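Asker: Here you go, one structure.
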Amino acid sequence: MAKETKLMKKEDFKYTMKGSSLWGVLLFVILLLVDQVTKLVADAYFSAEGAKQSIKIIPGWIELCQHYNKGVAFSGLNDAAPWVKVLLIIGTGVLMALFAVFYFKTDKRRSFLRLAVVFIVAGGVGNLIDRLYFKMWLPDAPFGVRDMVMLDFQIFNFGICNFADFFISGGAVMLVLAIAFFDRDAFIPLGKYKALAEEAEKDRKAKEEAKKAAKTAKNTENERNNG
């Protein structure tokens, strides 16, 4: 079978589950629920009377606890002015909206890239919900983004995170891999993305040839009219 026949046509692909945006929406909802449910469970457990302050999963490496982050990653901007935190919230919302638009506009065959975007948006929205609900821009706000997993890998201490942070980090790693290898426009396309890249290049050349032909035809018509 020729290489061209192995790659599903875009017109046919859009009618499959992988070719639909529905799977990404469902995954987004699942990830968001995982983030919010784990935050609620951690809140309920560690806020209960007589609860332990922390639970050691792997002593010295992974520990469960309760922490409220009123800033950004690694508690940065904790003491920032209210307007800075408001800008952070607005900026996060705009960025997540742009990522969402990118997801729906991107060729559905670029599945790895779109998967990365889903993880990033789910994580970003998960933490955005906390920032809005607890009004973290207020100087006297008692709460912030709910964190519950302390990660210390000896070489690098990740601090206290939540599942939204894990989704953002995982999505960022996938995004880098997509840019490098697993996408049609990657620097070194691998697997099916190599075939997609070749197809995209053929489409680009075909469009250029069509433009040249149209320009030549127009010039010819102008010469006839002027002649």
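Each chain of the structure tokens is named A, B, ... in the order shown, its residues numbered from 1; ligands are numbered from 1 in display order.
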Please tabulate, as a tab-separated table, the residues of range 119-152 of chain A that come within 10 Å of range 86-95 of chain A, each with its closest pair of atoms and the distance in Å to one decimal, counting only C-alpha atoms and ordering rows by chain, then residue number upward.

Answerer:
```
residue	atom	partner	partner_atom	distance
A:Val121	CA	A:Leu95	CA	8.7
A:Gly124	CA	A:Thr92	CA	7.1
A:Val125	CA	A:Gly93	CA	7.6
A:Asn127	CA	A:Thr92	CA	9.5
A:Leu128	CA	A:Ile89	CA	6.8
A:Ile129	CA	A:Ile89	CA	9.7
A:Arg131	CA	A:Ile89	CA	7.3
A:Leu132	CA	A:Ile89	CA	7.8
A:Lys135	CA	A:Val86	CA	9.5
A:Met136	CA	A:Val86	CA	8.6
A:Trp137	CA	A:Val86	CA	6.0
A:Leu138	CA	A:Val86	CA	9.4
```

Asker: Using C-alpha atoms, can you write the selected residues to a file as a PDB file, in the first residue's frame?

Answerer:
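As written to disk, out02.pdb reads:
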```pdb
ATOM      1  CA  VAL A 121      -6.065  24.272  29.663  1.00  0.00           C
ATOM      2  CA  GLY A 124      -4.932  26.390  34.059  1.00  0.00           C
ATOM      3  CA  VAL A 125      -8.708  26.498  34.488  1.00  0.00           C
ATOM      4  CA  ASN A 127      -6.265  26.801  39.388  1.00  0.00           C
ATOM      5  CA  LEU A 128      -8.160  29.762  37.931  1.00  0.00           C
ATOM      6  CA  ILE A 129     -11.329  28.487  39.613  1.00  0.00           C
ATOM      7  CA  ARG A 131      -8.219  32.082  42.419  1.00  0.00           C
ATOM      8  CA  LEU A 132     -11.660  33.386  41.540  1.00  0.00           C
ATOM      9  CA  LYS A 135     -10.823  36.006  45.745  1.00  0.00           C
ATOM     10  CA  MET A 136      -7.065  35.723  46.084  1.00  0.00           C
ATOM     11  CA  TRP A 137      -6.572  39.310  44.954  1.00  0.00           C
ATOM     12  CA  LEU A 138      -7.869  40.554  48.322  1.00  0.00           C
TER      13      LEU A 138
END
```

Asker: If you run DSSP on this backbone, which residues of range 16-196 of chain A come out as strand (DSSP E or B), and could you give them as an mmCIF file with N, CA and C atoms, in the first residue's frame?

Answerer:
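Produced file selection26.cif, reproduced below:
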```
data_model
loop_
_atom_site.group_PDB
_atom_site.id
_atom_site.type_symbol
_atom_site.label_atom_id
_atom_site.label_comp_id
_atom_site.auth_asym_id
_atom_site.auth_seq_id
_atom_site.Cartn_x
_atom_site.Cartn_y
_atom_site.Cartn_z
ATOM 1 N N SER A 54 0.139 16.103 58.080
ATOM 2 C CA SER A 54 0.659 15.583 56.811
ATOM 3 C C SER A 54 0.628 14.059 56.808
ATOM 4 N N ILE A 55 0.662 13.511 55.604
ATOM 5 C CA ILE A 55 0.701 12.059 55.428
ATOM 6 C C ILE A 55 1.886 11.737 54.527
ATOM 7 N N LYS A 56 2.817 10.966 55.026
ATOM 8 C CA LYS A 56 4.010 10.613 54.248
ATOM 9 C C LYS A 56 3.694 9.414 53.360
ATOM 10 N N ILE A 57 3.746 9.628 52.061
ATOM 11 C CA ILE A 57 3.533 8.550 51.098
ATOM 12 C C ILE A 57 4.852 7.816 50.868
ATOM 13 N N ILE A 58 5.882 8.567 50.488
ATOM 14 C CA ILE A 58 7.255 8.047 50.401
ATOM 15 C C ILE A 58 8.101 9.014 51.225
ATOM 16 N N ILE A 62 7.592 12.099 48.829
ATOM 17 C CA ILE A 62 6.214 12.501 48.539
ATOM 18 C C ILE A 62 5.412 12.553 49.837
ATOM 19 N N GLU A 63 4.729 13.676 50.045
ATOM 20 C CA GLU A 63 3.974 13.872 51.274
ATOM 21 C C GLU A 63 2.686 14.637 50.967
ATOM 22 N N LEU A 64 1.592 14.229 51.599
ATOM 23 C CA LEU A 64 0.317 14.911 51.434
ATOM 24 C C LEU A 64 0.106 15.876 52.591
ATOM 25 N N CYS A 65 -0.368 17.073 52.294
ATOM 26 C CA CYS A 65 -0.586 18.074 53.333
ATOM 27 C C CYS A 65 -1.594 19.099 52.813
ATOM 28 N N GLN A 66 -1.796 20.168 53.550
ATOM 29 C CA GLN A 66 -2.706 21.227 53.134
ATOM 30 C C GLN A 66 -1.957 22.545 53.050
ATOM 31 N N HIS A 67 -2.111 23.209 51.914
ATOM 32 C CA HIS A 67 -1.411 24.473 51.729
ATOM 33 C C HIS A 67 -2.210 25.351 50.777
ATOM 34 N N TYR A 68 -2.257 26.653 51.062
ATOM 35 C CA TYR A 68 -2.964 27.598 50.202
ATOM 36 C C TYR A 68 -1.956 28.555 49.576
ATOM 37 N N ASN A 69 -1.901 28.515 48.254
ATOM 38 C CA ASN A 69 -0.956 29.356 47.516
ATOM 39 C C ASN A 69 -1.678 30.600 47.009
ATOM 40 N N VAL A 145 -5.038 29.160 45.989
ATOM 41 C CA VAL A 145 -5.049 27.908 45.234
ATOM 42 C C VAL A 145 -4.717 26.759 46.193
ATOM 43 N N ARG A 146 -5.561 25.745 46.196
ATOM 44 C CA ARG A 146 -5.397 24.634 47.134
ATOM 45 C C ARG A 146 -4.365 23.627 46.630
ATOM 46 N N ASP A 147 -3.292 23.473 47.377
ATOM 47 C CA ASP A 147 -2.237 22.505 47.071
ATOM 48 C C ASP A 147 -2.232 21.420 48.135
ATOM 49 N N MET A 148 -1.811 20.215 47.741
ATOM 50 C CA MET A 148 -1.821 19.130 48.729
ATOM 51 C C MET A 148 -0.732 18.071 48.548
ATOM 52 N N VAL A 149 0.086 18.177 47.520
ATOM 53 C CA VAL A 149 1.120 17.164 47.281
ATOM 54 C C VAL A 149 2.497 17.821 47.337
ATOM 55 N N MET A 150 3.295 17.441 48.328
ATOM 56 C CA MET A 150 4.656 17.956 48.438
ATOM 57 C C MET A 150 5.611 16.987 47.754
ATOM 58 N N LEU A 151 6.364 17.488 46.800
ATOM 59 C CA LEU A 151 7.303 16.658 46.051
ATOM 60 C C LEU A 151 8.727 17.153 46.276
ATOM 61 N N ASP A 152 9.565 16.267 46.775
ATOM 62 C CA ASP A 152 10.974 16.602 46.982
ATOM 63 C C ASP A 152 11.811 15.455 46.443
ATOM 64 N N ASN A 157 13.465 20.317 44.594
ATOM 65 C CA ASN A 157 12.243 20.339 45.394
ATOM 66 C C ASN A 157 11.158 21.093 44.626
ATOM 67 N N PHE A 158 10.106 20.376 44.263
ATOM 68 C CA PHE A 158 9.016 20.987 43.504
ATOM 69 C C PHE A 158 8.062 21.768 44.387
ATOM 70 N N GLY A 159 8.243 21.689 45.682
ATOM 71 C CA GLY A 159 7.343 22.390 46.593
ATOM 72 C C GLY A 159 6.032 21.646 46.736
ATOM 73 N N ILE A 160 4.969 22.375 47.064
ATOM 74 C CA ILE A 160 3.655 21.771 47.258
ATOM 75 C C ILE A 160 2.800 22.069 46.025
ATOM 76 N N CYS A 161 2.275 21.029 45.412
ATOM 77 C CA CYS A 161 1.549 21.150 44.142
ATOM 78 C C CYS A 161 0.138 20.591 44.277
#
```

Asker: Tell me, as a PyMOL selection string, which residues lie within 7 Å of range 25-40 of chain A, counting only C-alpha atoms; anything in the same chain fewer than 4 positions away does not count.

Answerer: chain A and resi 21+44+118+122+126+146+163-164

Asker: So, counting only C-alpha atoms, which residue among A:Glu49, A:Ala213, A:Phe187, A:Gly144 is closest to Val72 in chain A?

Answerer: A:Gly144

Asker: CA of Met174 in chain A and CA of Gly24 in chain A are how many Å apart?

Answerer: 15.0 Å

Asker: How would you write, as an MDAnalysis selection string, the set of residues in range 2-165 of chain A that DSSP gives as helix (DSSP H, G or I)?

Answerer: chainID A and resid 3:6 10:13 22:47 73:75 82:105 111:133 163:165

Asker: Could you name the residues that touch range 196-209 of chain A at 9 Å or less, counting only C-alpha atoms, but leaving out those on the same chain fewer than 5 positions away, as a ChimeraX atom specification?

Answerer: /A:4,7,109-110,183-186,189,214

Asker: Hey, which of A:Tyr193, A:Phe119, A:Tyr133, A:Phe182 ends up closest to Phe166 in chain A? Count only C-alpha atoms.

Answerer: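 Closest to Phe166 in chain A of all the choices is A:Phe119.
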
Asker: In Å, with one decimal, what is the gap from CA of Gly71 in chain A to CA of Asp43 in chain A?

Answerer: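 Atom-to-atom, CA of Gly71 in chain A to CA of Asp43 in chain A, that is 18.6 Å.
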
Asker: Rank nothing, just name the residue among A:Gly170, A:Gly123, A:Pro139, A:Gly50 nearest to Trp83 in chain A, using only C-alpha atoms.

Answerer: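 Residue with the minimum atom-to-atom distance to Trp83 in chain A: A:Pro139.
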
Asker: Please indicate the distance in Å from CA of Phe46 in chain A to CA of Phe167 in chain A, rounded to one decimal place.

Answerer: 23.1 Å
